[in-house]
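Reading through the structure tokens given below for one structure.
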Amino acid sequence: MTTRLARLQTHTQQRSAATTRERLHALTLQRIRQATAAVPPPPLQPTPAIACAPDTPVETLWAIARSHPELRRWIVANPNADADLLEYISQQGGPHVRRSLDILLASLA
């Protein structure tokens, strides 16, 4: 009887340790998933490709136009650039903006 009780206790301890390990493993995986999901995307690094890409949202184009004058000429080439944005760019200026606007207006004539 004592041997059986000792075996049962040993089995319970081993099972309990394995269950604890499984729970800790599951919690660790859950924390890793939560931490990974909470990581924000890296900040947008504006480039000429982003400034003239047709799938770039207008809000992003405005942000680029406000903070990166050297990329304004590329925004002029973007089909999503609306009249308000083009007017803002023409008023603010920047490197090669006048030439870009001239090319755009010539292509519309």
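Identifiers in this document derive from the order of the structure tokens: chains are assigned A, B, ..., residues are numbered from 1 separately in each chain, and ligands are numbered from 1 in order of occurrence.
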Contacts of Ala81 of chain A within 8 Å, only C-alpha atoms, excl. fewer than 5 positions in-chain, as a tab-separated table (two decimals) with C-alpha atoms, in the first residue's frame:
```
chain	number	residue	atom	x	y	z
A	58	VAL	CA	-4.06	62.27	-49.31
A	61	LEU	CA	0.65	63.61	-48.92
A	75	ILE	CA	3.69	65.17	-54.81
A	76	VAL	CA	2.78	67.26	-57.86
A	86	LEU	CA	-1.38	71.60	-55.28
```
Query - Non-local contacts of Asp102 of chain A (12 Å; only C-alpha atoms; under 6 positions in same chain excluded) as a ChimeraX atom specification - result: /A:73,76-77,86,90,96,108-109
Requested in this report: Enumerate the residues of segment 29-103 of chain A with a DSSP assignment of helix (DSSP H, G or I), computed from the backbone, and present them as a PyMOL selection string.
Outcome: chain A and resi 29-38+48-52+58-67+69-76+83-92+97-103
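Proximity ranking of A:Pro79, A:Leu85, A:Arg98, A:Thr47 relative to Trp62 of chain A places A:Leu85 first, based on only C-alpha atoms.
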Report task. Go through A:Gln92, A:Gln45, A:Asn80, A:Gln30 one by one, measure the shortest atom-to-atom distance of each to Glu59 of chain A using only C-alpha atoms, and give the residue with the smallest value. Result -> A:Asn80
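Closest approach to Cys52 of chain A from the set A:Arg72, A:Arg4, A:Arg33, A:Arg21 is made by A:Arg72, with distances taken over only C-alpha atoms.
Closest to Leu101 of chain A among A:His68, A:Ile50, A:Ile89, A:Leu24 is A:Ile89, based on only C-alpha atoms.
Proximity ranking of A:Ala6, A:Ala106, A:Trp74, A:Ser67 relative to Pro48 of chain A places A:Trp74 first, based on only C-alpha atoms.
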